[in-house]
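Undergrad: Dumping the structure here so I can ask a few things about it.
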Amino acid sequence: MLQRRLRVTGTVQGVGFRPYVWHLAQELNLSGWVRNDAAGVDVLVEGELERIEAFTRRLPREIPPLAQLRKIGWQDAPASGEFAGFGILQSAAGQADTMIGHDTAECPDCLAEMFDPTDRRWRHAFINCTHCGPRYTLTRKLPYDRAQTSMAAFALCPDCAREYRDPANRRFHAEPTACPACGPRLVLADAEGMPVRCEDPVAGALQRVQSGQIVAIKGLGGFHLACDARNADAVQRLRDRKQRDEKPFAVMSANLASIGDLVEISAAEADLLQSPERPIVLLRKKSAADIAFPGIAPGLAWLGVMLPYTPLHWLLFHEAAGQRSRCASALTNPASPLRGQPAGTAWMQQPQDLILVMTSANPGGEPLVIGNDEAVERLAGIADALLLHDRDIVVRCDDSVVRMNGSQVPQFIRRARGYTPRAIRLPRAGASVLALGGYLKNTLCVTRGDEAFVSQHIGGLDNPATCGMLIEVADHLLDILQVKPEAVAHDLHPDFFSTRHALQLADLWGVPAVAVQHHHAHIAAVAAEHGVSGPILGLALDGVGLGSGAVGGSAALRNRRTPCGCSDGTAWGGELLRVDGDEFTRLGHLSPIPLPGGDKAAKEPWRMAAAALHLLGRGGDIAQRFSDQPAAQQLHQLLERGLNSPLTSSLGRWFDALAGLLGAREVMAYEGQAAMLLEGLAEQADMVDALSDGYALHDDGRLDLLPLLARLADVSDPVFGAALFHATLAGALADWAESAARREGLTTVALGGGCFLNHIVSGDLTRRLAARGFTVLSACQVPPNDGGLSLGQAWVAMHQLS
Ligand SMILES: [Zn+2]
Ligand SMILES: [Zn+2]
Ligand SMILES: [Zn+2]
């Protein structure tokens with residue numbers, strides 16, 4: 001006989017871990033107890049040695065679906081004989097060393113109950129259990145108990161309380177559990193927030209969507225604006241009201257069967273769409289997509305699709321399915337024969353007509369709307385009606401966006417709901433660091449031991465509300481992780497809000513502030529997630545060229561006010577770096593191209609095309625080629641005299657130049673649009689070989705792409721032009737990286753920066769480098785774009801502190 005005390009850490013709270021331990025202990029006839037504390041799960045078992053060994057062996061093997069183990073440790077002692085059976089004890093407080101789970105889509109058991117007319121949770125919009133439902137977005141702090149969540153306001157009814165206390169029940173300590181008798185309630189409100197009298201808020205909301213209205217729907221981490229994706233007028237109205245001219249919208253479909261005629265879905269993409277994390281997945285459009293969904297993703301080769309992930313989403317589709325089956329007269333549900341809602345879950349596999357546009361309700365690029373009153377106020381003039389409920393959203397958390405990259409590996413474009421706050425495991429433990437990221441697509445990162453917690457997508461820090469969200473998220477993450485940072489990392493750029501806030505916090509806490517160069521951080525992020533510590537070659541390619549600079553905090557840098565500023569007078573963005581922990585060397589960069597008109601040039605590809613013409617000695621063509629641009633006349637002069645034309649090495653601007661030359665786009669409606677359109681064009685082309693003389697490698701490490709643009713400046717077929725550009729660029733980058741790697745004696749190449757979201761370039765380049773014997777590392781756990789900067793900054797700061 002023996003007593004063993006086990007300590008389990010990881011995502012082990014709120015995921016059914018204690019009942020799992022309880023079942024296992026019962027089965028093995030062990031006595032003792034299990035309890036949650038702030039450090040994870042604490043277990044004490046007593047019994048025969050052989051059974052205790054079996055318990056210890058099986059414990060990590062059969063864990064519940066949402067649990068993620070980090071460590072199990074134990075200590076043995078003589079048996080006390082004081083336990084009659086095995087019990088589940090109250091939570092104990094203490095130092096937090098564990099984590100709240102991420103939000104997950106409804107599990108099959110809950111869906112079966114929800115669509116069983118005899119179940120007490122028939123069509124309950126807040127059904128969940130230990131294996132599914134909200135976590136991160138409704139938890140205020142650890143330990144994860146109902147009292148610490150926004151469900152604290154809802155007292156359990158006797159039936160729910162019985163389930164909650166019964167270790168054999170699927171809802172044992174399911175903190176957000178509820179039922180129609182005790183749970184939150186839905187209400188349909190008009191644009192002024194006044195409740196609308198209707199039999200069923202879901203039916204009322206659906207009816208409005210079907211009649212072409214825009215309905216705001218309260219989700220897990222914020223509101224969506226929804227409309228009928230097949231209704232071109234409604235989609236256009238949504239664009240007008242949201243002031244979003246061309247940026248693509250994502251759609252929600254009941255299942256894959258409903259969307260299979262419109263987009264291509266690989267097996268891996270199907271798995272991703274149906275995963276409990278339920279991200280938006282970018283899928284390749286079929287020709288029917290633009291006819292079925294006019295104006296949803298204009299000009300792009302890809303469409304963002306997600307499947308329902310809350311009971312409320314399912315109810316909207318169920319309601320719509322009911323309309324269909326009412327016509328078909330079959331499958332009528334005895335509980336509400338008039339509405340014809342199908343019973344059971346078979347309908348969920350069948351094609352459904354309803355496809356919803358579901359776009360984040362974040363007017364003006366500000367953070368997501370989460371509160372009911374806030375929704376009425378901020379969505380005034382946008383939403384015709386609101387589908388609300390009285391369960392508070394505690395944490396703003398947008399939908400995640402993922403796409404299979406050119407090597408068929410899922411790659412984040414935006415990492416948020418479903419994935420945050422899951423930890424990224426680092427190769428070794430170090431000091432705790434808070435890293436506040438950059439400027440656009442911002443995230444922050446907190447490290448604890450050998451784990452990095454990258455926040456949900458926060459957004460562009462170009463407005464006070466998003467800056468406020470940065471502070472809010474930092475406070476919340478530090479609070480739930482119970483971490484006191486030993487350093488605060490930030491971008492080199494002195495004018496970013498994230499930099500200023502980092503300096504303030506460092507000052508307040510009396511800890512060092514660590515400035516990290518933007519492109520160094522891009523490569524460090526890739527190194528961190530792949531656990532690489534030694535020197536690597538980094539290819540950092542991005543579009544915006546923000547906050548670069550060779551040395552930190554120089555006077556020249558401080559004096560610049562534009563986001564393109566950097567200390568050597570050029571904005572970076574096409575960089576070849578040698579990165580070794582907290583050190584980097586700039587081995588090379590793209591030949592600079594002027595930005596005529598400064599920041600404006602980053603938004604107007606025709607200006608970059610003009611810059612390319614100027615470099616080609618064809619400045620005289622500018623006025624005539626861009627005759628509908630009023631500024632075209634002076635631009636030649638500006639370039640000739642070098643006025644207001646700072647230089648940049650950013651690859652993104654070369655894409656823009658090409659888009660302008662090919663006539664694909666003269667002015668962008670949103671950041672990155674030109675490159676996305678070119679990618680869409682290139683996708684339509686047959687195989688094109690790289691132009692072997694389309695680029696030049698210089699002895700000083702520069703890669704010059706001008707010969708390629710010389711060849712493309714007069715190409716009349718944009719599809720061919722885009723394809724030739726992509727193929728030649730991939731070939732050029734591969735040669736460039738190879739020559740530098742050979743010189744430096746490096747065999748690993750890390751790819752970082754937003755340009756690697758380009759499917760064709762990332763896939764082609766990876767294949768070429770791999771074929772030459774290099775190990776190629778890409779961003780997988782965080783986006784390659786600026787959403788991953790905070791992880792890289794944290795990694796550099798950890799190196800510096802050690
Ligand atoms: Zn469930
Ligand atoms: Zn209840
Ligand atoms: Zn960047």
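Going by the structure tokens order, chains are called A, B, ..., each with residues numbered from 1, while ligands are numbered from 1 in the order shown.
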Just want the 9 Å neighbourhood of Ala474 (chain A), counted on only C-alpha atoms, with same-chain residues fewer than 2 positions away dropped. Output as an MDAnalysis selection string.

TA: chainID A and resid 434 436 444:446 455 469:472 476:479

Undergrad: Take the residues just selected and output them with all heavy atoms as an mmCIF file, in the first residue's frame.

TA:
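What follows is the written file out_22.cif:
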```cif
data_model
loop_
_atom_site.group_PDB
_atom_site.id
_atom_site.type_symbol
_atom_site.label_atom_id
_atom_site.label_comp_id
_atom_site.auth_asym_id
_atom_site.auth_seq_id
_atom_site.Cartn_x
_atom_site.Cartn_y
_atom_site.Cartn_z
ATOM 1 N N LEU A 434 7.406 40.850 -21.130
ATOM 2 C CA LEU A 434 6.219 41.349 -21.824
ATOM 3 C C LEU A 434 6.708 42.051 -23.078
ATOM 4 O O LEU A 434 7.565 42.928 -22.994
ATOM 5 C CB LEU A 434 5.458 42.344 -20.927
ATOM 6 C CG LEU A 434 4.358 43.171 -21.604
ATOM 7 C CD1 LEU A 434 3.199 42.287 -22.057
ATOM 8 C CD2 LEU A 434 3.833 44.267 -20.671
ATOM 9 N N LEU A 436 5.438 44.159 -26.497
ATOM 10 C CA LEU A 436 4.221 44.877 -26.912
ATOM 11 C C LEU A 436 4.032 44.990 -28.418
ATOM 12 O O LEU A 436 3.130 45.666 -28.879
ATOM 13 C CB LEU A 436 4.175 46.249 -26.243
ATOM 14 C CG LEU A 436 3.906 46.210 -24.731
ATOM 15 C CD1 LEU A 436 3.744 47.620 -24.180
ATOM 16 C CD2 LEU A 436 2.662 45.394 -24.387
ATOM 17 N N LEU A 444 0.430 41.160 -28.463
ATOM 18 C CA LEU A 444 1.480 41.253 -27.451
ATOM 19 C C LEU A 444 1.799 39.846 -26.994
ATOM 20 O O LEU A 444 1.072 38.896 -27.304
ATOM 21 C CB LEU A 444 1.063 42.159 -26.295
ATOM 22 C CG LEU A 444 -0.169 41.790 -25.482
ATOM 23 C CD1 LEU A 444 0.193 40.861 -24.331
ATOM 24 C CD2 LEU A 444 -0.827 43.045 -24.933
ATOM 25 N N CYS A 445 2.906 39.714 -26.280
ATOM 26 C CA CYS A 445 3.341 38.385 -25.875
ATOM 27 C C CYS A 445 3.855 38.441 -24.443
ATOM 28 O O CYS A 445 4.565 39.371 -24.066
ATOM 29 C CB CYS A 445 4.439 37.907 -26.824
ATOM 30 S SG CYS A 445 5.167 36.319 -26.380
ATOM 31 N N VAL A 446 3.462 37.451 -23.658
ATOM 32 C CA VAL A 446 3.968 37.314 -22.294
ATOM 33 C C VAL A 446 4.643 35.954 -22.202
ATOM 34 O O VAL A 446 4.064 34.950 -22.622
ATOM 35 C CB VAL A 446 2.810 37.377 -21.260
ATOM 36 C CG1 VAL A 446 3.352 37.211 -19.845
ATOM 37 C CG2 VAL A 446 2.040 38.688 -21.378
ATOM 38 N N SER A 455 -0.968 37.090 -27.430
ATOM 39 C CA SER A 455 -2.359 37.520 -27.260
ATOM 40 C C SER A 455 -3.143 37.321 -28.547
ATOM 41 O O SER A 455 -2.577 37.095 -29.616
ATOM 42 C CB SER A 455 -2.404 38.999 -26.891
ATOM 43 O OG SER A 455 -2.134 39.786 -28.049
ATOM 44 N N MET A 469 -7.145 48.862 -26.033
ATOM 45 C CA MET A 469 -7.278 47.401 -25.991
ATOM 46 C C MET A 469 -5.928 46.746 -25.695
ATOM 47 O O MET A 469 -5.859 45.742 -25.002
ATOM 48 C CB MET A 469 -7.847 46.872 -27.314
ATOM 49 C CG MET A 469 -8.032 45.355 -27.301
ATOM 50 S SD MET A 469 -8.830 44.729 -28.806
ATOM 51 C CE MET A 469 -8.555 42.945 -28.621
ATOM 52 N N LEU A 470 -4.850 47.336 -26.212
ATOM 53 C CA LEU A 470 -3.515 46.798 -25.933
ATOM 54 C C LEU A 470 -3.262 46.783 -24.417
ATOM 55 O O LEU A 470 -2.800 45.783 -23.855
ATOM 56 C CB LEU A 470 -2.448 47.636 -26.647
ATOM 57 C CG LEU A 470 -1.004 47.203 -26.429
ATOM 58 C CD1 LEU A 470 -0.659 45.999 -27.297
ATOM 59 C CD2 LEU A 470 -0.031 48.333 -26.734
ATOM 60 N N ILE A 471 -3.620 47.878 -23.771
ATOM 61 C CA ILE A 471 -3.427 47.974 -22.317
ATOM 62 C C ILE A 471 -4.301 46.943 -21.606
ATOM 63 O O ILE A 471 -3.860 46.211 -20.718
ATOM 64 C CB ILE A 471 -3.775 49.402 -21.833
ATOM 65 C CG1 ILE A 471 -2.821 50.404 -22.477
ATOM 66 C CG2 ILE A 471 -3.737 49.490 -20.329
ATOM 67 C CD1 ILE A 471 -3.156 51.857 -22.199
ATOM 68 N N GLU A 472 -5.568 46.870 -22.060
ATOM 69 C CA GLU A 472 -6.559 45.955 -21.468
ATOM 70 C C GLU A 472 -6.073 44.500 -21.571
ATOM 71 O O GLU A 472 -6.114 43.748 -20.589
ATOM 72 C CB GLU A 472 -7.837 46.180 -22.296
ATOM 73 C CG GLU A 472 -9.096 45.479 -21.942
ATOM 74 C CD GLU A 472 -10.166 45.855 -23.016
ATOM 75 O OE1 GLU A 472 -10.529 47.054 -23.096
ATOM 76 O OE2 GLU A 472 -10.629 44.961 -23.764
ATOM 77 N N HIS A 476 -4.935 41.892 -18.584
ATOM 78 C CA HIS A 476 -5.661 40.638 -18.401
ATOM 79 C C HIS A 476 -4.715 39.438 -18.467
ATOM 80 O O HIS A 476 -4.765 38.554 -17.617
ATOM 81 C CB HIS A 476 -6.763 40.525 -19.466
ATOM 82 C CG HIS A 476 -7.637 39.318 -19.329
ATOM 83 N ND1 HIS A 476 -7.644 38.308 -20.263
ATOM 84 C CD2 HIS A 476 -8.505 38.932 -18.362
ATOM 85 C CE1 HIS A 476 -8.495 37.364 -19.877
ATOM 86 N NE2 HIS A 476 -9.029 37.719 -18.736
ATOM 87 N N LEU A 477 -3.842 39.430 -19.461
ATOM 88 C CA LEU A 477 -2.927 38.283 -19.609
ATOM 89 C C LEU A 477 -1.956 38.198 -18.430
ATOM 90 O O LEU A 477 -1.705 37.112 -17.894
ATOM 91 C CB LEU A 477 -2.137 38.403 -20.916
ATOM 92 C CG LEU A 477 -2.553 37.493 -22.073
ATOM 93 C CD1 LEU A 477 -1.577 37.622 -23.221
ATOM 94 C CD2 LEU A 477 -2.674 36.028 -21.651
ATOM 95 N N LEU A 478 -1.405 39.341 -18.033
ATOM 96 C CA LEU A 478 -0.475 39.325 -16.896
ATOM 97 C C LEU A 478 -1.196 38.864 -15.641
ATOM 98 O O LEU A 478 -0.637 38.130 -14.821
ATOM 99 C CB LEU A 478 0.134 40.717 -16.675
ATOM 100 C CG LEU A 478 1.122 41.184 -17.745
ATOM 101 C CD1 LEU A 478 1.517 42.639 -17.510
ATOM 102 C CD2 LEU A 478 2.367 40.299 -17.764
ATOM 103 N N ASP A 479 -2.462 39.259 -15.524
ATOM 104 C CA ASP A 479 -3.238 38.894 -14.352
ATOM 105 C C ASP A 479 -3.528 37.397 -14.330
ATOM 106 O O ASP A 479 -3.296 36.722 -13.326
ATOM 107 C CB ASP A 479 -4.538 39.708 -14.337
ATOM 108 C CG ASP A 479 -5.282 39.520 -13.036
ATOM 109 O OD1 ASP A 479 -4.596 39.469 -11.993
ATOM 110 O OD2 ASP A 479 -6.527 39.413 -13.064
#
```

Undergrad: Go through chain A and flag each residue having an atom no more than 12 Å from ligand 2; for those, report the closest pair of atoms plus their distance in Å to one decimal, using only C-alpha atoms and all ligand atoms, ordered by chain and rising number, as JSON lines.

TA:
```
{"residue": "A:Arg120", "atom": "CA", "partner": "ligand 2", "partner_atom_place_in_ligand_line": "1 (Zn)", "distance": 9.1}
{"residue": "A:Arg121", "atom": "CA", "partner": "ligand 2", "partner_atom_place_in_ligand_line": "1 (Zn)", "distance": 9.0}
{"residue": "A:His124", "atom": "CA", "partner": "ligand 2", "partner_atom_place_in_ligand_line": "1 (Zn)", "distance": 10.7}
{"residue": "A:Phe126", "atom": "CA", "partner": "ligand 2", "partner_atom_place_in_ligand_line": "1 (Zn)", "distance": 10.6}
{"residue": "A:Ile127", "atom": "CA", "partner": "ligand 2", "partner_atom_place_in_ligand_line": "1 (Zn)", "distance": 10.1}
{"residue": "A:Asn128", "atom": "CA", "partner": "ligand 2", "partner_atom_place_in_ligand_line": "1 (Zn)", "distance": 11.7}
{"residue": "A:Met151", "atom": "CA", "partner": "ligand 2", "partner_atom_place_in_ligand_line": "1 (Zn)", "distance": 11.9}
{"residue": "A:Phe154", "atom": "CA", "partner": "ligand 2", "partner_atom_place_in_ligand_line": "1 (Zn)", "distance": 9.1}
{"residue": "A:Ala155", "atom": "CA", "partner": "ligand 2", "partner_atom_place_in_ligand_line": "1 (Zn)", "distance": 8.2}
{"residue": "A:Leu156", "atom": "CA", "partner": "ligand 2", "partner_atom_place_in_ligand_line": "1 (Zn)", "distance": 5.3}
{"residue": "A:Cys157", "atom": "CA", "partner": "ligand 2", "partner_atom_place_in_ligand_line": "1 (Zn)", "distance": 4.2}
{"residue": "A:Pro158", "atom": "CA", "partner": "ligand 2", "partner_atom_place_in_ligand_line": "1 (Zn)", "distance": 6.8}
{"residue": "A:Asp159", "atom": "CA", "partner": "ligand 2", "partner_atom_place_in_ligand_line": "1 (Zn)", "distance": 5.7}
{"residue": "A:Cys160", "atom": "CA", "partner": "ligand 2", "partner_atom_place_in_ligand_line": "1 (Zn)", "distance": 4.3}
{"residue": "A:Ala161", "atom": "CA", "partner": "ligand 2", "partner_atom_place_in_ligand_line": "1 (Zn)", "distance": 7.2}
{"residue": "A:Arg162", "atom": "CA", "partner": "ligand 2", "partner_atom_place_in_ligand_line": "1 (Zn)", "distance": 9.4}
{"residue": "A:Glu163", "atom": "CA", "partner": "ligand 2", "partner_atom_place_in_ligand_line": "1 (Zn)", "distance": 9.3}
{"residue": "A:Tyr164", "atom": "CA", "partner": "ligand 2", "partner_atom_place_in_ligand_line": "1 (Zn)", "distance": 9.9}
{"residue": "A:Arg171", "atom": "CA", "partner": "ligand 2", "partner_atom_place_in_ligand_line": "1 (Zn)", "distance": 11.3}
{"residue": "A:Pro176", "atom": "CA", "partner": "ligand 2", "partner_atom_place_in_ligand_line": "1 (Zn)", "distance": 10.7}
{"residue": "A:Thr177", "atom": "CA", "partner": "ligand 2", "partner_atom_place_in_ligand_line": "1 (Zn)", "distance": 7.7}
{"residue": "A:Ala178", "atom": "CA", "partner": "ligand 2", "partner_atom_place_in_ligand_line": "1 (Zn)", "distance": 4.8}
{"residue": "A:Cys179", "atom": "CA", "partner": "ligand 2", "partner_atom_place_in_ligand_line": "1 (Zn)", "distance": 4.0}
{"residue": "A:Pro180", "atom": "CA", "partner": "ligand 2", "partner_atom_place_in_ligand_line": "1 (Zn)", "distance": 6.3}
{"residue": "A:Ala181", "atom": "CA", "partner": "ligand 2", "partner_atom_place_in_ligand_line": "1 (Zn)", "distance": 5.0}
{"residue": "A:Cys182", "atom": "CA", "partner": "ligand 2", "partner_atom_place_in_ligand_line": "1 (Zn)", "distance": 4.2}
{"residue": "A:Gly183", "atom": "CA", "partner": "ligand 2", "partner_atom_place_in_ligand_line": "1 (Zn)", "distance": 6.2}
{"residue": "A:Pro184", "atom": "CA", "partner": "ligand 2", "partner_atom_place_in_ligand_line": "1 (Zn)", "distance": 9.9}
```

Undergrad: So that I can see what lies close to Ala288 (chain A), please list as a list of chain:residue names the residues with an atom at most 10 Å from it, counting only C-alpha atoms and leaving out residues fewer than 2 positions away in the same chain.

TA: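 Answer for this query is A:Asp261, A:Leu262, A:Val263, A:Lys285, A:Lys286, A:Asp290, A:Ile291, A:Ala292, A:Phe293.
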
Undergrad: List as a compact mmCIF listing (two decimals) with all heavy atoms, in the first residue's frame the protein and nucleic acid residues near Ala270 (chain A), meaning an atom at most 12 Å away when only C-alpha atoms are counted, but skip any in the same chain fewer than 6 places from it.

TA:
```txt
# COMPACT_ATOMS: atom_id res chain seq x y z
N ASN A 255 -22.25 23.84 -43.31
CA ASN A 255 -21.38 22.67 -43.42
C ASN A 255 -20.64 22.72 -44.75
O ASN A 255 -20.84 23.64 -45.55
CB ASN A 255 -22.22 21.38 -43.32
CG ASN A 255 -23.43 21.43 -44.24
OD1 ASN A 255 -23.35 21.94 -45.36
ND2 ASN A 255 -24.55 20.93 -43.78
N LEU A 256 -19.80 21.73 -44.97
CA LEU A 256 -19.00 21.70 -46.20
C LEU A 256 -19.88 21.42 -47.42
O LEU A 256 -19.62 21.94 -48.51
CB LEU A 256 -17.91 20.62 -46.11
CG LEU A 256 -16.95 20.75 -44.92
CD1 LEU A 256 -15.92 19.63 -44.95
CD2 LEU A 256 -16.25 22.10 -44.95
N ALA A 257 -20.93 20.62 -47.22
CA ALA A 257 -21.79 20.25 -48.34
C ALA A 257 -22.45 21.48 -48.97
O ALA A 257 -22.76 21.50 -50.15
CB ALA A 257 -22.85 19.26 -47.87
N ILE A 259 -21.15 24.37 -49.40
CA ILE A 259 -20.22 25.32 -50.00
C ILE A 259 -19.28 24.64 -51.02
O ILE A 259 -18.52 25.31 -51.72
CB ILE A 259 -19.43 26.02 -48.86
CG1 ILE A 259 -18.83 27.35 -49.30
CG2 ILE A 259 -18.36 25.15 -48.26
CD1 ILE A 259 -19.48 28.51 -48.68
N GLY A 260 -19.40 23.32 -51.11
CA GLY A 260 -18.47 22.54 -51.94
C GLY A 260 -18.51 22.89 -53.42
O GLY A 260 -17.52 22.71 -54.13
N VAL A 263 -16.22 26.52 -53.61
CA VAL A 263 -14.80 26.61 -53.28
C VAL A 263 -14.19 25.22 -53.29
O VAL A 263 -14.89 24.21 -53.12
CB VAL A 263 -14.59 27.22 -51.87
CG1 VAL A 263 -14.81 28.71 -51.88
CG2 VAL A 263 -15.48 26.54 -50.84
N GLU A 264 -12.88 25.18 -53.49
CA GLU A 264 -12.17 23.91 -53.41
C GLU A 264 -11.79 23.66 -51.96
O GLU A 264 -11.32 24.55 -51.28
CB GLU A 264 -10.92 23.96 -54.28
CG GLU A 264 -11.25 23.94 -55.77
CD GLU A 264 -10.06 24.29 -56.65
OE1 GLU A 264 -8.92 24.18 -56.17
OE2 GLU A 264 -10.31 24.66 -57.80
N ARG A 278 -12.40 26.14 -35.04
CA ARG A 278 -13.25 26.79 -36.04
C ARG A 278 -12.71 28.13 -36.56
O ARG A 278 -13.38 29.17 -36.45
CB ARG A 278 -14.64 27.05 -35.46
CG ARG A 278 -15.55 25.85 -35.35
CD ARG A 278 -16.03 25.34 -36.69
NE ARG A 278 -17.22 24.53 -36.57
CZ ARG A 278 -17.29 23.28 -36.12
NH1 ARG A 278 -16.18 22.66 -35.74
NH2 ARG A 278 -18.43 22.63 -36.05
N PRO A 279 -11.53 28.14 -37.16
CA PRO A 279 -11.05 29.40 -37.74
C PRO A 279 -11.77 29.71 -39.04
O PRO A 279 -12.44 28.83 -39.61
CB PRO A 279 -9.58 29.09 -38.03
CG PRO A 279 -9.55 27.62 -38.32
CD PRO A 279 -10.61 27.01 -37.42
N ILE A 280 -11.62 30.92 -39.51
CA ILE A 280 -11.96 31.24 -40.91
C ILE A 280 -10.82 30.64 -41.74
O ILE A 280 -9.65 30.88 -41.45
CB ILE A 280 -12.00 32.76 -41.12
CG1 ILE A 280 -13.15 33.38 -40.31
CG2 ILE A 280 -12.12 33.11 -42.60
CD1 ILE A 280 -13.17 34.90 -40.32
N VAL A 281 -11.17 29.85 -42.73
CA VAL A 281 -10.15 29.25 -43.59
C VAL A 281 -10.30 29.86 -44.98
O VAL A 281 -11.40 29.91 -45.53
CB VAL A 281 -10.31 27.72 -43.66
CG1 VAL A 281 -9.21 27.12 -44.55
CG2 VAL A 281 -10.23 27.11 -42.27
N LEU A 282 -9.19 30.34 -45.53
CA LEU A 282 -9.24 30.88 -46.88
C LEU A 282 -9.19 29.71 -47.86
O LEU A 282 -8.27 28.90 -47.82
CB LEU A 282 -8.08 31.83 -47.15
CG LEU A 282 -8.02 33.11 -46.32
CD1 LEU A 282 -7.06 34.11 -46.94
CD2 LEU A 282 -9.40 33.76 -46.20
N LEU A 283 -10.21 29.64 -48.72
CA LEU A 283 -10.33 28.54 -49.68
C LEU A 283 -10.31 29.11 -51.09
O LEU A 283 -10.83 30.20 -51.35
CB LEU A 283 -11.65 27.80 -49.44
CG LEU A 283 -11.82 27.20 -48.04
CD1 LEU A 283 -13.25 26.69 -47.86
CD2 LEU A 283 -10.82 26.07 -47.80
N VAL A 305 -14.00 31.24 -45.32
CA VAL A 305 -15.19 30.47 -44.94
C VAL A 305 -15.02 29.96 -43.53
O VAL A 305 -13.94 29.54 -43.13
CB VAL A 305 -15.38 29.26 -45.88
CG1 VAL A 305 -16.58 28.42 -45.44
CG2 VAL A 305 -15.55 29.71 -47.33
N MET A 306 -16.09 30.02 -42.74
CA MET A 306 -16.07 29.35 -41.44
C MET A 306 -17.38 28.62 -41.23
O MET A 306 -18.38 28.91 -41.88
CB MET A 306 -15.79 30.33 -40.30
CG MET A 306 -16.85 31.40 -40.10
SD MET A 306 -16.39 32.49 -38.72
CE MET A 306 -17.07 34.04 -39.30
N LEU A 307 -17.34 27.66 -40.32
CA LEU A 307 -18.54 26.90 -39.98
C LEU A 307 -19.06 27.41 -38.63
O LEU A 307 -18.33 28.04 -37.88
CB LEU A 307 -18.20 25.41 -39.90
CG LEU A 307 -17.62 24.79 -41.18
CD1 LEU A 307 -17.47 23.28 -41.01
CD2 LEU A 307 -18.48 25.08 -42.40
N ARG A 403 -4.77 29.97 -43.54
CA ARG A 403 -4.75 29.47 -44.91
C ARG A 403 -3.63 28.43 -45.02
O ARG A 403 -2.60 28.57 -44.39
CB ARG A 403 -4.50 30.61 -45.90
CG ARG A 403 -4.46 30.12 -47.33
CD ARG A 403 -4.54 31.26 -48.32
NE ARG A 403 -3.27 31.91 -48.51
CZ ARG A 403 -2.98 32.67 -49.57
NH1 ARG A 403 -3.89 32.87 -50.50
NH2 ARG A 403 -1.82 33.25 -49.70
N MET A 404 -3.86 27.42 -45.81
CA MET A 404 -2.79 26.47 -46.10
C MET A 404 -1.73 27.22 -46.90
O MET A 404 -2.07 27.84 -47.91
CB MET A 404 -3.32 25.31 -46.95
CG MET A 404 -4.23 24.39 -46.21
SD MET A 404 -3.32 23.52 -44.91
CE MET A 404 -4.71 22.94 -43.96
N PRO A 410 -0.86 24.68 -42.41
CA PRO A 410 -1.74 25.78 -42.02
C PRO A 410 -0.92 26.97 -41.54
O PRO A 410 0.03 26.81 -40.78
CB PRO A 410 -2.58 25.21 -40.87
CG PRO A 410 -2.33 23.75 -40.85
CD PRO A 410 -1.04 23.48 -41.56
```

Undergrad: Can you work out which residues are within 6 Å of ligand 3, considering only C-alpha atoms and all ligand atoms, and then hand them over as a list in words?

TA: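 These are the residues that qualify: Asp542, Gly753, Asn785 and Asp786 of chain A.
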
Undergrad: Can you tell me which residues sit at most 10 Å away from ligand 1, counting only C-alpha atoms and all ligand atoms, written as a list of chain:residue names?

TA: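 I would give the residues around ligand 1 as A:Thr104, A:Ala105, A:Glu106, A:Cys107, A:Pro108, A:Asp109, A:Cys110, A:Leu111, A:Ala112, A:Glu113, A:Met114, A:Ile127, A:Asn128, A:Cys129, A:Thr130, A:His131, A:Cys132, A:Gly133, A:Arg170, A:Arg171, A:Ala174, A:Thr177.
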
Undergrad: Give the helix (DSSP H, G or I) residues of region 165-362 of chain A, as assigned by DSSP on the backbone, as an MDAnalysis selection string.

TA: chainID A and resid 165 201:210 232:242 267:274 287:292 311:328 346:349

Undergrad: Which distance in Å separates CA of Leu677 (chain A) and CA of Pro294 (chain A), to one decimal?

TA: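 Answer for the CA of Leu677 (chain A) to CA of Pro294 (chain A) separation: 16.9 Å.
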